[in-house]
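Student: Take a look at this one; I'll ask things after.
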Amino acid sequence: MFVKVFDTHVRTQDGRYLHFDVLTDRDAELAKSYARQFLMDKGVHDEDISQSQCQFCHSEPANPQVVAAINDKGYFIITLQGFEE
């Protein structure tokens, strides 16, 4: 399976910068919806966001973990910056 990678950047009202990739086999509008859902799951709601961008970057072959997640919920997230736990 090939997946589309959507490079996502979010600036929150409190000044945090969040950077993550949304991997999916769906279109850009669904990728944005998946990004919003992921942020809500992390406690970041629409009213907390001052700026957001989710753009198609490239396509790549998916590994088995990504394929399983996409088959289950439609997407897979790779966190890159701002999600230190």
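If you're wondering about the labels, chains in the structure tokens are A, B, ... by order shown, residues count from 1 in each chain, ligands from 1 in order shown.
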Near A:Tyr75, within 7 Å and counting only C-alpha atoms, which residues show up once chain neighbours fewer than 2 positions away are dropped, as number ranges by chain?
Tutor: A: 22-24, 34, 69-70, 73, 77
Student: Write the residues of the preceding selection, restricted to N, CA and C atoms, as a PDB file, in the first residue's frame.
Tutor:
```pdb
ATOM      1  N   VAL A  22       0.560  13.322   8.905  1.00  0.00           N
ATOM      2  CA  VAL A  22      -0.623  12.472   8.817  1.00  0.00           C
ATOM      3  C   VAL A  22      -0.415  11.563   7.608  1.00  0.00           C
ATOM      4  N   LEU A  23      -0.419  10.249   7.822  1.00  0.00           N
ATOM      5  CA  LEU A  23      -0.289   9.285   6.734  1.00  0.00           C
ATOM      6  C   LEU A  23      -1.657   8.657   6.510  1.00  0.00           C
ATOM      7  N   THR A  24      -2.112   8.688   5.261  1.00  0.00           N
ATOM      8  CA  THR A  24      -3.416   8.141   4.928  1.00  0.00           C
ATOM      9  C   THR A  24      -3.461   7.798   3.442  1.00  0.00           C
ATOM     10  N   TYR A  34      -8.430  14.245  10.116  1.00  0.00           N
ATOM     11  CA  TYR A  34      -7.657  13.338  10.966  1.00  0.00           C
ATOM     12  C   TYR A  34      -6.685  14.123  11.851  1.00  0.00           C
ATOM     13  N   ALA A  69      -2.910   0.534  11.048  1.00  0.00           N
ATOM     14  CA  ALA A  69      -3.586   1.715  11.590  1.00  0.00           C
ATOM     15  C   ALA A  69      -4.552   2.319  10.580  1.00  0.00           C
ATOM     16  N   ILE A  70      -4.145   2.384   9.325  1.00  0.00           N
ATOM     17  CA  ILE A  70      -5.010   2.943   8.286  1.00  0.00           C
ATOM     18  C   ILE A  70      -6.230   2.052   8.075  1.00  0.00           C
ATOM     19  N   LYS A  73      -8.378   2.847  11.521  1.00  0.00           N
ATOM     20  CA  LYS A  73      -9.000   4.155  11.752  1.00  0.00           C
ATOM     21  C   LYS A  73      -8.826   5.155  10.615  1.00  0.00           C
ATOM     22  N   ILE A  77      -0.292   8.674  12.561  1.00  0.00           N
ATOM     23  CA  ILE A  77       0.389   9.926  12.866  1.00  0.00           C
ATOM     24  C   ILE A  77       1.846   9.654  13.241  1.00  0.00           C
TER      25      ILE A  77
END
```
Student: Mind checking DSSP for chain A and telling me the strand (DSSP E) residues as a PyMOL selection string?
Tutor: chain A and resi 2-12+17-24+49-61+76-81
Student: Just want the 12 Å neighbourhood of A:Phe83, counted on only C-alpha atoms, with same-chain residues fewer than 5 positions away dropped. Output as number ranges by chain.
Tutor: A: 10, 16-20, 38-39, 42-44, 77-78
Student: Keeping only N, CA and C atoms, take the residues you just selected and write them out as a PDB file, in the first residue's frame.
Tutor:
```
ATOM      1  N   VAL A  10       1.205  23.279  13.434  1.00  0.00           N
ATOM      2  CA  VAL A  10       0.185  23.951  14.233  1.00  0.00           C
ATOM      3  C   VAL A  10       0.871  24.872  15.231  1.00  0.00           C
ATOM      4  N   ARG A  16       2.821  27.215  21.681  1.00  0.00           N
ATOM      5  CA  ARG A  16       3.486  25.952  21.338  1.00  0.00           C
ATOM      6  C   ARG A  16       3.484  25.740  19.830  1.00  0.00           C
ATOM      7  N   TYR A  17       4.534  25.092  19.343  1.00  0.00           N
ATOM      8  CA  TYR A  17       4.638  24.702  17.935  1.00  0.00           C
ATOM      9  C   TYR A  17       4.565  23.185  17.872  1.00  0.00           C
ATOM     10  N   LEU A  18       3.608  22.674  17.129  1.00  0.00           N
ATOM     11  CA  LEU A  18       3.408  21.233  16.973  1.00  0.00           C
ATOM     12  C   LEU A  18       3.608  20.867  15.508  1.00  0.00           C
ATOM     13  N   HIS A  19       4.402  19.853  15.268  1.00  0.00           N
ATOM     14  CA  HIS A  19       4.703  19.415  13.905  1.00  0.00           C
ATOM     15  C   HIS A  19       4.519  17.899  13.855  1.00  0.00           C
ATOM     16  N   PHE A  20       3.707  17.440  12.917  1.00  0.00           N
ATOM     17  CA  PHE A  20       3.478  16.009  12.758  1.00  0.00           C
ATOM     18  C   PHE A  20       3.054  15.704  11.333  1.00  0.00           C
ATOM     19  N   PHE A  38      -6.664  14.046  15.887  1.00  0.00           N
ATOM     20  CA  PHE A  38      -5.449  13.740  16.637  1.00  0.00           C
ATOM     21  C   PHE A  38      -5.169  14.825  17.669  1.00  0.00           C
ATOM     22  N   LEU A  39      -5.284  16.083  17.267  1.00  0.00           N
ATOM     23  CA  LEU A  39      -5.048  17.187  18.191  1.00  0.00           C
ATOM     24  C   LEU A  39      -6.062  17.182  19.338  1.00  0.00           C
ATOM     25  N   LYS A  42      -5.163  14.845  21.892  1.00  0.00           N
ATOM     26  CA  LYS A  42      -4.032  15.336  22.680  1.00  0.00           C
ATOM     27  C   LYS A  42      -4.428  16.527  23.565  1.00  0.00           C
ATOM     28  N   GLY A  43      -5.712  16.895  23.541  1.00  0.00           N
ATOM     29  CA  GLY A  43      -6.188  17.997  24.374  1.00  0.00           C
ATOM     30  C   GLY A  43      -6.060  19.365  23.734  1.00  0.00           C
ATOM     31  N   VAL A  44      -5.791  19.427  22.430  1.00  0.00           N
ATOM     32  CA  VAL A  44      -5.693  20.698  21.709  1.00  0.00           C
ATOM     33  C   VAL A  44      -6.956  20.834  20.860  1.00  0.00           C
ATOM     34  N   ILE A  77      -0.292   8.674  12.561  1.00  0.00           N
ATOM     35  CA  ILE A  77       0.389   9.926  12.866  1.00  0.00           C
ATOM     36  C   ILE A  77       1.846   9.654  13.241  1.00  0.00           C
ATOM     37  N   ILE A  78       2.745  10.461  12.680  1.00  0.00           N
ATOM     38  CA  ILE A  78       4.140  10.471  13.098  1.00  0.00           C
ATOM     39  C   ILE A  78       4.387  11.840  13.734  1.00  0.00           C
TER      40      ILE A  78
END
```
Student: Calculated over only C-alpha atoms, which of the candidates A:Ser50, A:Asn63, A:Gln13, A:Thr8 has the smallest distance to A:Gln81?
Tutor: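 Of A:Ser50, A:Asn63, A:Gln13, A:Thr8, the one nearest A:Gln81 is A:Thr8, counting only C-alpha atoms.
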Student: Skipping near chain neighbours, those fewer than 6 positions away, what residues fall within 12 Å of A:Phe2 using only C-alpha atoms, listed as a ChimeraX atom specification?
Tutor: /A:23-26,58-64,66-67,70
Student: Would you mind telling me which residue in A:Ala35, A:Gly15, A:Glu29, A:Asn71 lies nearest to A:Val3 when using only C-alpha atoms?
Tutor: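 With only C-alpha atoms as the atom set, the closest residue is A:Asn71.
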Student: Which parts of chain A does DSSP call alpha helix (DSSP H) when run on the backbone here, written out as a ChimeraX atom specification?
Tutor: /A:28-41,64-73
Student: For A:Asp27, find every residue with an atom within 10 Å (counting only C-alpha atoms), except residues of its own chain fewer than 5 positions away, and show them as a ChimeraX atom specification.
Tutor: /A:4,6,32,56
Student: So, counting only C-alpha atoms, which residue among A:Thr79, A:Asp72, A:Ala31, A:Asp14 is closest to A:Asp48?
Tutor: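 Closest candidate: A:Asp14.
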